[in-house]
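Structure record follows, encoded as structure tokens.
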Protein chains: 2
Amino acid sequence: MEMPFPREEYLARLGRTKERMAKAGIDVLLVTAAANITWLSGYCSESAYVPQGLVVRADEEEPTIILRKMDAPAGIHTTFMHRDRVIGYPERYIADPRMNGYDFIAEHLKKGRIGIETDSLSWPACEHLKGRLGRSVDASGLVTWLRLRKSPREIAVMREAAEITDLAMAKAVEVVRPGVRECDAMAEVMAQLTRGTPRFCGDRGTVPLMSQGPLTGTCHLAATDATFKEGNHVNLEFGGFRHRYAAPLMRTISLGPPKDKLRRLHDAMLDGLEKALAAGKAGATCSDVAAAFNDRVAKDGFTKESRCGYAVGIDWTEVSASLREGDTTVLEPDMTFHLMLGMWVEEDFGAVLSETIRITDKGAEAFGRTARKLFVN
Amino acid sequence: MEMPFPREEYLARLGRTKERMAKAGIDVLLVTAAANITWLSGYCSESAYVPQGLVVRADEEEPTIILRKMDAPAGIHTTFMHRDRVIGYPERYIADPRMNGYDFIAEHLKKGRIGIETDSLSWPACEHLKGRLGRSVDASGLVTWLRLRKSPREIAVMREAAEITDLAMAKAVEVVRPGVRECDAMAEVMAQLTRGTPRFCGDRGTVPLMSQGPLTGTCHLAATDATFKEGNHVNLEFGGFRHRYAAPLMRTISLGPPKDKLRRLHDAMLDGLEKALAAGKAGATCSDVAAAFNDRVAKDGFTKESRCGYAVGIDWTEVSASLREGDTTVLEPDMTFHLMLGMWVEEDFGAVLSETIRITDKGAEAFGRTARKLFVN
């Protein structure tokens with residue numbers, strides 16, 4: 001298969017990883033987070049529900065990926081490494097309580113000071129592995145934090161993802177109409193996310209999140225077979241994916257003239273969004289961005305309790321920096337975030353607004369071009 | 001929101017859970033697997049990426065669900081419990097390294113002998129929780145195994161899921177044609193999975209898996225922007241979802257007259273499928289079903305290395321019984337499995353075939369009605 005990035009890009013990522021390993025005194029790193037495996041190797045098959053791992057050794061140029069046998073050809077097809085760097089373990093390791101795939105993986109960690117990403121392993125899996133290895137150190141976060149600042153090639157891919165997102169949101173604005181079933185509208189959105197553009201596909205669609213009416217007080221529900229009703233408003237959150245990089249976007253659509261309450265909240269959010277974008281410049285902190293938004297909406301008496309966003313990239317959320325007051329991470333150019341300004345202010349009432357952004361010296365730039373407004377259908 | 005099952009259904013599930021808790025000496029059970037939470041409470045919001053849990057106490061009729069505050073309204077809307085059984089923890093617990101949502105959850109486990117589903121917790125999360133609780137026992141699998149045998153209402157829901165699957169596979173057979181981009185075809189499939197039927201929606205679509213040509217030697221890849229090519233064959237795996245219950249299905253489509261090699265393999269698989277269905281009767285074992293298939297394909301010189309299927313229900317795979325030789329689980333009526341007969345026999349060549357089945361006294365019944373054949377387009 002065509003690789004999304006050239007070999008030198010992966011080697012550069014591995015180089016940065018090895019620098020961190022050296023600082024942490026790690027000779028051999030077991031990467032278990034699916035997004036980190038993709039970032040370091042290109043691997044992109046849906047196999048993370050069984051034991052697998054990427055082994056990065058400080059003294060070897062290419063890492064080794066260890067997969068269940070049926071996934072090993074996907075390792076050969078989708079990673080940048082030489083084929084002898086792809087190891088498939090026998091299928092008899094699967095679903096047999098007497099067998100454990102981590103035993104196989106452990107054999108390939110060889111000697112040296114071992115680091116393990118424990119935060120992407122279940123407790124029993126990690127306990128088993130640790131018991132097998134003897135000494136190891138916890139390397140959770142080591143790779144994940146390196147992903148925060150994107151390369152120029154990654155930025156280009158995220159622009160493509162945002163292009164897909166824009167098309168899907170335009171489709172949503174077209175089809176979310178009173179009388180239409182929620183699921184029929186979301187079917188059109190899902191199709192657009194998967195289809196992508198005439199130039200490139202969307203490679204992975206997560207479930208579009210949506211709510212209407214009294215369900216807008218929460219954020220992670222999906223479409224049902226209810227119909228859209230005049231007078232309700234609809235909150236939407238979804239993202240196009242390109243080479244597994246996500247570009248999430250949230251918008252609210254009012255079905256009929258917006259009620260004053262919705263308009264007031266959304267106006268404050270819109271203005272707060274501009275303030276947050278302006279604050280998102282290199283040298284400022286994550287906290288500054290959140291404070292810019294929070295201060296603005298406070299002027300109208302609103303409080304956003306949840307964080308104002310999080311690092312975004314492969315597989316959507318990156319577990320590293322957050323745009324929340326108190327997060328002192330210093331912003332650097334080409335860090336990317338989902339500036340997530342949804343406000344669920346009452347149990348049965350909320351509105352949403354967001355942008356996927358990159359940090360520049362002058363402020364945050366939104367990847368997408370969807371109008372920043374309360375849509376009215 | 002409309003609940004998929006009546007209150008008595010959830011109470012019956014909880015009753016069976018409490019019986020197992022009593023046997024295991026557990027007074028209070030922390031359920032952490034998202035599918036188990038859904039099974040016991042109805043909860044169905046996409047929030048499992050942050051700390052959450054369902055607390056089942058032996059001496060209380062209803063469980064308590066603990067969620068991040070922004071998800072608490074979804075707890076109220078989608079569970080069968082009284083609203084005071086839904087607890088939202090403050091947003092400040094999210095993404096702050098000094099805070100841990102499991103501290104909040106631990107406070108609600110109160111006194112008594114505590115059981116924890118450790119296999120759905122990351123190692124660091126579980127270690128933190130254990131440290132906080134003092135003594136606890138590992139209750140992984142306790143709830144999951146109870147889900148294996150379905151209630152009549154669950155069977156009815158899985159029939160609906162299979163109805164969606166059939167429509168989506170019919171759509172795939174319609175659109176997978178030479179010259180069409182893979183992603184454009186899969187967009188139609190995703191749309192159908194989301195749309196469901198005119199009577200009910202599909203509530204959750206996972207990424208349809210597909211491969212063509214030399215990529216058919218592996219199983220978990222998704223569509224790209226390549227076009228389908230005459231002479232290739234295409235392997236498909238996806239499932240309709242209804243109230244989160246999946247009904248997976250796999251079929252192979254040959255683009256043009258099938259090559260002899262494909263025909264030979266697929267003929268053996270088709271015959272093996274019938275043998276496996278006949279073997280899937282109450283009183284037999286999981287192993288018997290796998291052996292029936294394996295023995296049949298061996299006659300033509302083929303070997304399926306991977307298991308022949310696994311328990312299926314909420315969120316697709318249930319981590320309990322598998323249709324593999326050596327699994328001595330005794331089949332009971334209304335156990336449900338994905339009888340998964342994909343064979344990836346060479347690095348660049350494989351074919352697929354499957355049915356979602358329920359066990360009856362007379363053999364396994366397939367939920368779907370899609371023709372069992374090698375499709376030729």
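Following the order of the structure tokens, first chain is A, next is B, and so on, with residues numbered from 1 inside each chain and ligands from 1 in the order they appear.
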
Would you write out, as a Markdown table, a table of all residues in chain B that have an atom no more than 7 Å from an atom of chain A, listing for each the closest atom pair and the distance in Å to one decimal, considering only C-alpha atoms and ordering rows by chain and rising residue number?
| residue | atom | partner | partner_atom | distance |
| --- | --- | --- | --- | --- |
| B:Ser45 | CA | A:Leu221 | CA | 5.0 |
| B:Glu46 | CA | A:His220 | CA | 5.0 |
| B:Ser47 | CA | A:His220 | CA | 6.5 |
| B:Met70 | CA | A:Thr218 | CA | 5.7 |
| B:Asp71 | CA | A:Thr218 | CA | 5.7 |
| B:Pro73 | CA | A:Thr218 | CA | 5.7 |
| B:Ala74 | CA | A:Thr218 | CA | 6.0 |
| B:Glu91 | CA | A:Ser306 | CA | 5.2 |
| B:Ala95 | CA | A:Ser322 | CA | 6.7 |
| B:Thr118 | CA | A:Trp123 | CA | 5.9 |
| B:Asp119 | CA | A:Ser122 | CA | 5.4 |
| B:Ser120 | CA | A:Ser122 | CA | 6.1 |
| B:Leu121 | CA | A:Ser122 | CA | 5.4 |
| B:Ser122 | CA | A:Ser122 | CA | 4.3 |
| B:Trp123 | CA | A:Trp123 | CA | 3.9 |
| B:Pro124 | CA | A:Asp119 | CA | 5.9 |
| B:Cys126 | CA | A:Trp123 | CA | 6.2 |
| B:Cys183 | CA | A:Arg195 | CA | 5.1 |
| B:Asp184 | CA | A:Arg195 | CA | 4.9 |
| B:Met186 | CA | A:Thr194 | CA | 6.9 |
| B:Ala187 | CA | A:Ala191 | CA | 4.2 |
| B:Glu188 | CA | A:Ala191 | CA | 6.1 |
| B:Met190 | CA | A:Ala191 | CA | 6.0 |
| B:Ala191 | CA | A:Ala187 | CA | 4.2 |
| B:Gln192 | CA | A:Ala187 | CA | 6.8 |
| B:Thr194 | CA | A:Ala187 | CA | 5.0 |
| B:Arg195 | CA | A:Asp184 | CA | 5.0 |
| B:Phe200 | CA | A:Asp225 | CA | 6.0 |
| B:Cys201 | CA | A:Asp225 | CA | 5.1 |
| B:Asp203 | CA | A:Thr224 | CA | 6.4 |
| B:Arg204 | CA | A:Val207 | CA | 6.5 |
| B:Gly205 | CA | A:Val207 | CA | 6.6 |
| B:Val207 | CA | A:Arg204 | CA | 6.5 |
| B:Gly217 | CA | A:Pro73 | CA | 6.6 |
| B:Thr218 | CA | A:Pro73 | CA | 5.7 |
| B:Cys219 | CA | A:Asp71 | CA | 6.7 |
| B:His220 | CA | A:Glu46 | CA | 5.1 |
| B:Leu221 | CA | A:Ser45 | CA | 5.0 |
| B:Ala223 | CA | A:Asp203 | CA | 6.6 |
| B:Thr224 | CA | A:Cys201 | CA | 6.3 |
| B:Asp225 | CA | A:Cys201 | CA | 5.1 |
| B:Glu305 | CA | A:Glu91 | CA | 6.0 |
| B:Ser306 | CA | A:Glu91 | CA | 5.2 |
| B:Ser322 | CA | A:Ala95 | CA | 6.7 |
| B:Trp344 | CA | A:Met70 | CA | 6.9 |
| B:Glu347 | CA | A:Pro73 | CA | 5.7 |

- Task: Would you kindly return, as number ranges by chain, each protein, DNA or RNA residue with an atom no farther than 6 Å from any atom of Thr64 in chain B, considering only C-alpha atoms and excluding same-chain residues fewer than 3 positions away?
- Result: B: 54-55, 85-86

- Item | Residues within 7 Å of range 227-239 of chain B, only C-alpha atoms, excluding chain neighbours under 3 positions, as a PyMOL selection string | chain B and resi 165+177-182+208-213+216+246-256+351-352

- Select from range 34-163 of chain B everything DSSP, run on the backbone, classes as strand (DSSP E), then give the selection as a list of chain:residue names.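 Across range 34-163 of chain B, those assigned strand (DSSP E) are B:Gly53, B:Leu54, B:Val55, B:Val56, B:Arg57, B:Thr64, B:Ile65, B:Ile66, B:Leu67, B:Arg68, B:Val86, B:Ile87, B:Gly88, B:Tyr89, B:Ile114, B:Gly115, B:Ile116, B:Val137, B:Asp138.
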
Could those selected residues go to a file with all heavy atoms, as a CSV table (one decimal), in the first residue's frame?
chain,number,residue,atom,x,y,z
B,53,GLY,N,-17.8,4.1,35.9
B,53,GLY,CA,-18.0,2.7,36.4
B,53,GLY,C,-19.5,2.6,36.8
B,53,GLY,O,-20.2,3.5,37.1
B,54,LEU,N,-19.9,1.3,36.9
B,54,LEU,CA,-21.2,1.0,37.4
B,54,LEU,C,-21.0,0.2,38.7
B,54,LEU,O,-20.2,-0.8,38.7
B,54,LEU,CB,-22.0,0.1,36.4
B,54,LEU,CG,-23.5,-0.1,36.8
B,54,LEU,CD1,-24.3,1.1,36.4
B,54,LEU,CD2,-24.0,-1.4,36.0
B,55,VAL,N,-21.6,0.6,39.8
B,55,VAL,CA,-21.4,0.0,41.1
B,55,VAL,C,-22.7,-0.8,41.4
B,55,VAL,O,-23.8,-0.3,41.5
B,55,VAL,CB,-21.2,1.0,42.2
B,55,VAL,CG1,-21.0,0.4,43.5
B,55,VAL,CG2,-20.0,1.9,41.8
B,56,VAL,N,-22.5,-2.1,41.4
B,56,VAL,CA,-23.6,-3.1,41.8
B,56,VAL,C,-23.4,-3.5,43.2
B,56,VAL,O,-22.4,-4.1,43.5
B,56,VAL,CB,-23.6,-4.3,40.8
B,56,VAL,CG1,-24.7,-5.2,41.2
B,56,VAL,CG2,-23.7,-3.8,39.4
B,57,ARG,N,-24.4,-3.2,44.1
B,57,ARG,CA,-24.3,-3.7,45.5
B,57,ARG,C,-25.3,-4.8,45.7
B,57,ARG,O,-26.4,-4.8,45.2
B,57,ARG,CB,-24.6,-2.6,46.4
B,57,ARG,CG,-23.5,-1.5,46.6
B,57,ARG,CD,-23.7,-0.6,47.8
B,57,ARG,NE,-23.6,-1.4,49.0
B,57,ARG,CZ,-22.5,-1.6,49.7
B,57,ARG,NH1,-21.4,-1.0,49.3
B,57,ARG,NH2,-22.5,-2.3,50.8
B,64,THR,N,-25.6,1.9,40.7
B,64,THR,CA,-25.3,3.4,40.6
B,64,THR,C,-24.2,3.5,39.5
B,64,THR,O,-23.2,2.8,39.5
B,64,THR,CB,-24.7,3.9,42.0
B,64,THR,OG1,-25.7,3.7,43.0
B,64,THR,CG2,-24.3,5.4,41.9
B,65,ILE,N,-24.5,4.5,38.7
B,65,ILE,CA,-23.5,4.8,37.6
B,65,ILE,C,-22.8,6.1,37.9
B,65,ILE,O,-23.4,7.1,38.3
B,65,ILE,CB,-24.1,4.8,36.2
B,65,ILE,CG1,-23.1,4.8,35.1
B,65,ILE,CG2,-25.1,6.0,36.0
B,65,ILE,CD1,-23.6,4.4,33.7
B,66,ILE,N,-21.4,6.0,37.8
B,66,ILE,CA,-20.6,7.2,38.1
B,66,ILE,C,-19.9,7.6,36.8
B,66,ILE,O,-19.2,6.8,36.2
B,66,ILE,CB,-19.6,6.8,39.2
B,66,ILE,CG1,-20.3,6.3,40.4
B,66,ILE,CG2,-18.7,8.1,39.5
B,66,ILE,CD1,-19.3,5.8,41.5
B,67,LEU,N,-20.2,8.8,36.4
B,67,LEU,CA,-19.7,9.4,35.1
B,67,LEU,C,-19.1,10.7,35.4
B,67,LEU,O,-19.4,11.4,36.3
B,67,LEU,CB,-20.9,9.5,34.2
B,67,LEU,CG,-21.7,8.2,33.9
B,67,LEU,CD1,-23.1,8.6,33.3
B,67,LEU,CD2,-21.0,7.4,32.9
B,68,ARG,N,-18.3,11.1,34.4
B,68,ARG,CA,-17.9,12.5,34.3
B,68,ARG,C,-19.2,13.4,34.2
B,68,ARG,O,-20.2,13.0,33.6
B,68,ARG,CB,-17.1,12.6,33.0
B,68,ARG,CG,-16.6,13.9,32.6
B,68,ARG,CD,-16.0,13.8,31.3
B,68,ARG,NE,-15.4,15.0,30.9
B,68,ARG,CZ,-14.7,15.2,29.7
B,68,ARG,NH1,-14.6,14.2,28.9
B,68,ARG,NH2,-14.2,16.4,29.4
B,86,VAL,N,-27.6,8.2,39.3
B,86,VAL,CA,-26.6,8.7,38.4
B,86,VAL,C,-25.8,9.8,39.1
B,86,VAL,O,-26.3,10.8,39.5
B,86,VAL,CB,-27.3,9.3,37.1
B,86,VAL,CG1,-26.2,9.8,36.2
B,86,VAL,CG2,-28.1,8.2,36.4
B,87,ILE,N,-24.5,9.6,39.1
B,87,ILE,CA,-23.6,10.5,39.8
B,87,ILE,C,-22.6,11.1,38.9
B,87,ILE,O,-21.9,10.3,38.2
B,87,ILE,CB,-22.9,9.8,41.0
B,87,ILE,CG1,-24.0,9.4,42.0
B,87,ILE,CG2,-21.9,10.8,41.7
B,87,ILE,CD1,-23.4,8.6,43.2
B,88,GLY,N,-22.5,12.4,38.8
B,88,GLY,CA,-21.5,13.0,37.9
B,88,GLY,C,-20.3,13.5,38.8
B,88,GLY,O,-20.6,14.2,39.7
B,89,TYR,N,-19.1,13.2,38.4
B,89,TYR,CA,-18.0,13.8,39.1
B,89,TYR,C,-17.5,15.0,38.4
B,89,TYR,O,-17.7,15.2,37.2
B,89,TYR,CB,-16.9,12.8,39.3
B,89,TYR,CG,-16.2,12.2,38.1
B,89,TYR,CD1,-15.2,12.9,37.5
B,89,TYR,CD2,-16.5,10.9,37.6
B,89,TYR,CE1,-14.5,12.4,36.4
B,89,TYR,CE2,-15.8,10.4,36.5
B,89,TYR,CZ,-14.9,11.1,35.9
B,89,TYR,OH,-14.2,10.6,34.8
B,114,ILE,N,-15.1,-6.0,48.0
B,114,ILE,CA,-15.1,-5.3,46.7
B,114,ILE,C,-14.6,-6.2,45.6
B,114,ILE,O,-13.5,-6.8,45.7
B,114,ILE,CB,-14.3,-4.0,46.7
B,114,ILE,CG1,-14.9,-3.1,47.8
B,114,ILE,CG2,-14.3,-3.3,45.4
B,114,ILE,CD1,-14.0,-1.9,48.1
B,115,GLY,N,-15.3,-6.3,44.5
B,115,GLY,CA,-14.8,-6.9,43.3
B,115,GLY,C,-14.6,-5.9,42.2
B,115,GLY,O,-15.4,-5.0,42.0
B,116,ILE,N,-13.6,-6.0,41.4
B,116,ILE,CA,-13.3,-5.1,40.3
B,116,ILE,C,-13.1,-5.8,39.0
B,116,ILE,O,-12.3,-6.8,39.0
B,116,ILE,CB,-12.0,-4.3,40.6
B,116,ILE,CG1,-12.1,-3.6,42.0
B,116,ILE,CG2,-11.7,-3.3,39.5
B,116,ILE,CD1,-10.8,-2.8,42.3
B,137,VAL,N,-11.1,-8.1,45.1
B,137,VAL,CA,-10.8,-9.3,44.3
B,137,VAL,C,-11.0,-9.0,42.9
B,137,VAL,O,-11.8,-8.0,42.5
B,137,VAL,CB,-11.7,-10.5,44.8
B,137,VAL,CG1,-11.5,-10.8,46.2
B,137,VAL,CG2,-13.2,-10.2,44.5
B,138,ASP,N,-10.4,-9.7,42.0
B,138,ASP,CA,-10.5,-9.5,40.6
B,138,ASP,C,-11.8,-10.2,40.1
B,138,ASP,O,-12.0,-11.4,40.2
B,138,ASP,CB,-9.3,-10.1,39.9
B,138,ASP,CG,-9.2,-9.6,38.4
B,138,ASP,OD1,-10.3,-9.3,37.8
B,138,ASP,OD2,-8.1,-9.6,37.9

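Distances here use only C-alpha atoms; by that measure, the residue among B:Lys171, B:Lys373, B:Lys150, B:Arg132 closest to Ile357 in chain B is B:Lys150.
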
Exercise: Asp300 in chain B partners within 12 Å, only C-alpha atoms, chain neighbours under 4 positions left out, as a PDB file with N, CA and C atoms, in the first residue's frame:
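That gives us out.pdb:
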ATOM      1  N   LYS B 261      -8.452 -21.168  -7.845  1.00  0.00           N
ATOM      2  CA  LYS B 261      -7.906 -21.215  -6.488  1.00  0.00           C
ATOM      3  C   LYS B 261      -8.919 -20.659  -5.486  1.00  0.00           C
ATOM      4  N   ARG B 263     -12.198 -20.359  -6.007  1.00  0.00           N
ATOM      5  CA  ARG B 263     -13.398 -21.198  -6.035  1.00  0.00           C
ATOM      6  C   ARG B 263     -13.208 -22.434  -5.158  1.00  0.00           C
ATOM      7  N   ARG B 264     -12.043 -23.037  -5.264  1.00  0.00           N
ATOM      8  CA  ARG B 264     -11.769 -24.258  -4.479  1.00  0.00           C
ATOM      9  C   ARG B 264     -11.827 -23.973  -2.980  1.00  0.00           C
ATOM     10  N   LEU B 265     -11.152 -22.906  -2.588  1.00  0.00           N
ATOM     11  CA  LEU B 265     -11.142 -22.558  -1.170  1.00  0.00           C
ATOM     12  C   LEU B 265     -12.554 -22.227  -0.690  1.00  0.00           C
ATOM     13  N   HIS B 266     -13.242 -21.407  -1.473  1.00  0.00           N
ATOM     14  CA  HIS B 266     -14.559 -20.946  -1.027  1.00  0.00           C
ATOM     15  C   HIS B 266     -15.565 -22.095  -0.990  1.00  0.00           C
ATOM     16  N   ASP B 267     -15.476 -23.003  -1.936  1.00  0.00           N
ATOM     17  CA  ASP B 267     -16.378 -24.170  -1.917  1.00  0.00           C
ATOM     18  C   ASP B 267     -16.187 -24.980  -0.634  1.00  0.00           C
ATOM     19  N   ALA B 268     -14.941 -25.166  -0.254  1.00  0.00           N
ATOM     20  CA  ALA B 268     -14.676 -25.921   0.976  1.00  0.00           C
ATOM     21  C   ALA B 268     -15.235 -25.180   2.192  1.00  0.00           C
ATOM     22  N   MET B 269     -15.056 -23.864   2.192  1.00  0.00           N
ATOM     23  CA  MET B 269     -15.562 -23.053   3.312  1.00  0.00           C
ATOM     24  C   MET B 269     -17.084 -23.128   3.387  1.00  0.00           C
ATOM     25  N   ASP B 271     -19.099 -25.478   2.379  1.00  0.00           N
ATOM     26  CA  ASP B 271     -19.522 -26.781   2.879  1.00  0.00           C
ATOM     27  C   ASP B 271     -19.197 -26.897   4.370  1.00  0.00           C
ATOM     28  N   GLY B 272     -18.034 -26.387   4.731  1.00  0.00           N
ATOM     29  CA  GLY B 272     -17.653 -26.385   6.150  1.00  0.00           C
ATOM     30  C   GLY B 272     -18.625 -25.579   7.002  1.00  0.00           C
ATOM     31  N   PHE B 293     -15.994 -27.753  11.179  1.00  0.00           N
ATOM     32  CA  PHE B 293     -15.503 -26.948  10.056  1.00  0.00           C
ATOM     33  C   PHE B 293     -14.098 -27.390   9.647  1.00  0.00           C
ATOM     34  N   ASN B 294     -13.242 -27.497  10.635  1.00  0.00           N
ATOM     35  CA  ASN B 294     -11.837 -27.804  10.332  1.00  0.00           C
ATOM     36  C   ASN B 294     -11.687 -29.153   9.622  1.00  0.00           C
ATOM     37  N   ASP B 295     -12.469 -30.136  10.078  1.00  0.00           N
ATOM     38  CA  ASP B 295     -12.390 -31.463   9.458  1.00  0.00           C
ATOM     39  C   ASP B 295     -12.823 -31.397   7.990  1.00  0.00           C
ATOM     40  N   ARG B 296     -13.862 -30.612   7.742  1.00  0.00           N
ATOM     41  CA  ARG B 296     -14.356 -30.531   6.368  1.00  0.00           C
ATOM     42  C   ARG B 296     -13.332 -29.884   5.429  1.00  0.00           C
ATOM     43  N   LYS B 304      -7.506 -23.910   8.682  1.00  0.00           N
ATOM     44  CA  LYS B 304      -7.817 -22.594   9.259  1.00  0.00           C
ATOM     45  C   LYS B 304      -7.078 -22.507  10.579  1.00  0.00           C
TER      46      LYS B 304
END

- Task: Determine, counting only C-alpha atoms, which protein, DNA and RNA residues have an atom within 8 Å of an atom of Pro333 in chain B; residues of the same chain fewer than 2 positions away are not included. Present the result as a count of residues only.
- Result: 9

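Comparing A:Val330, A:Ile26, A:Ile37, A:Leu146 by their smallest distance to Gly112 in chain A, the closest is A:Ile26 (using only C-alpha atoms).
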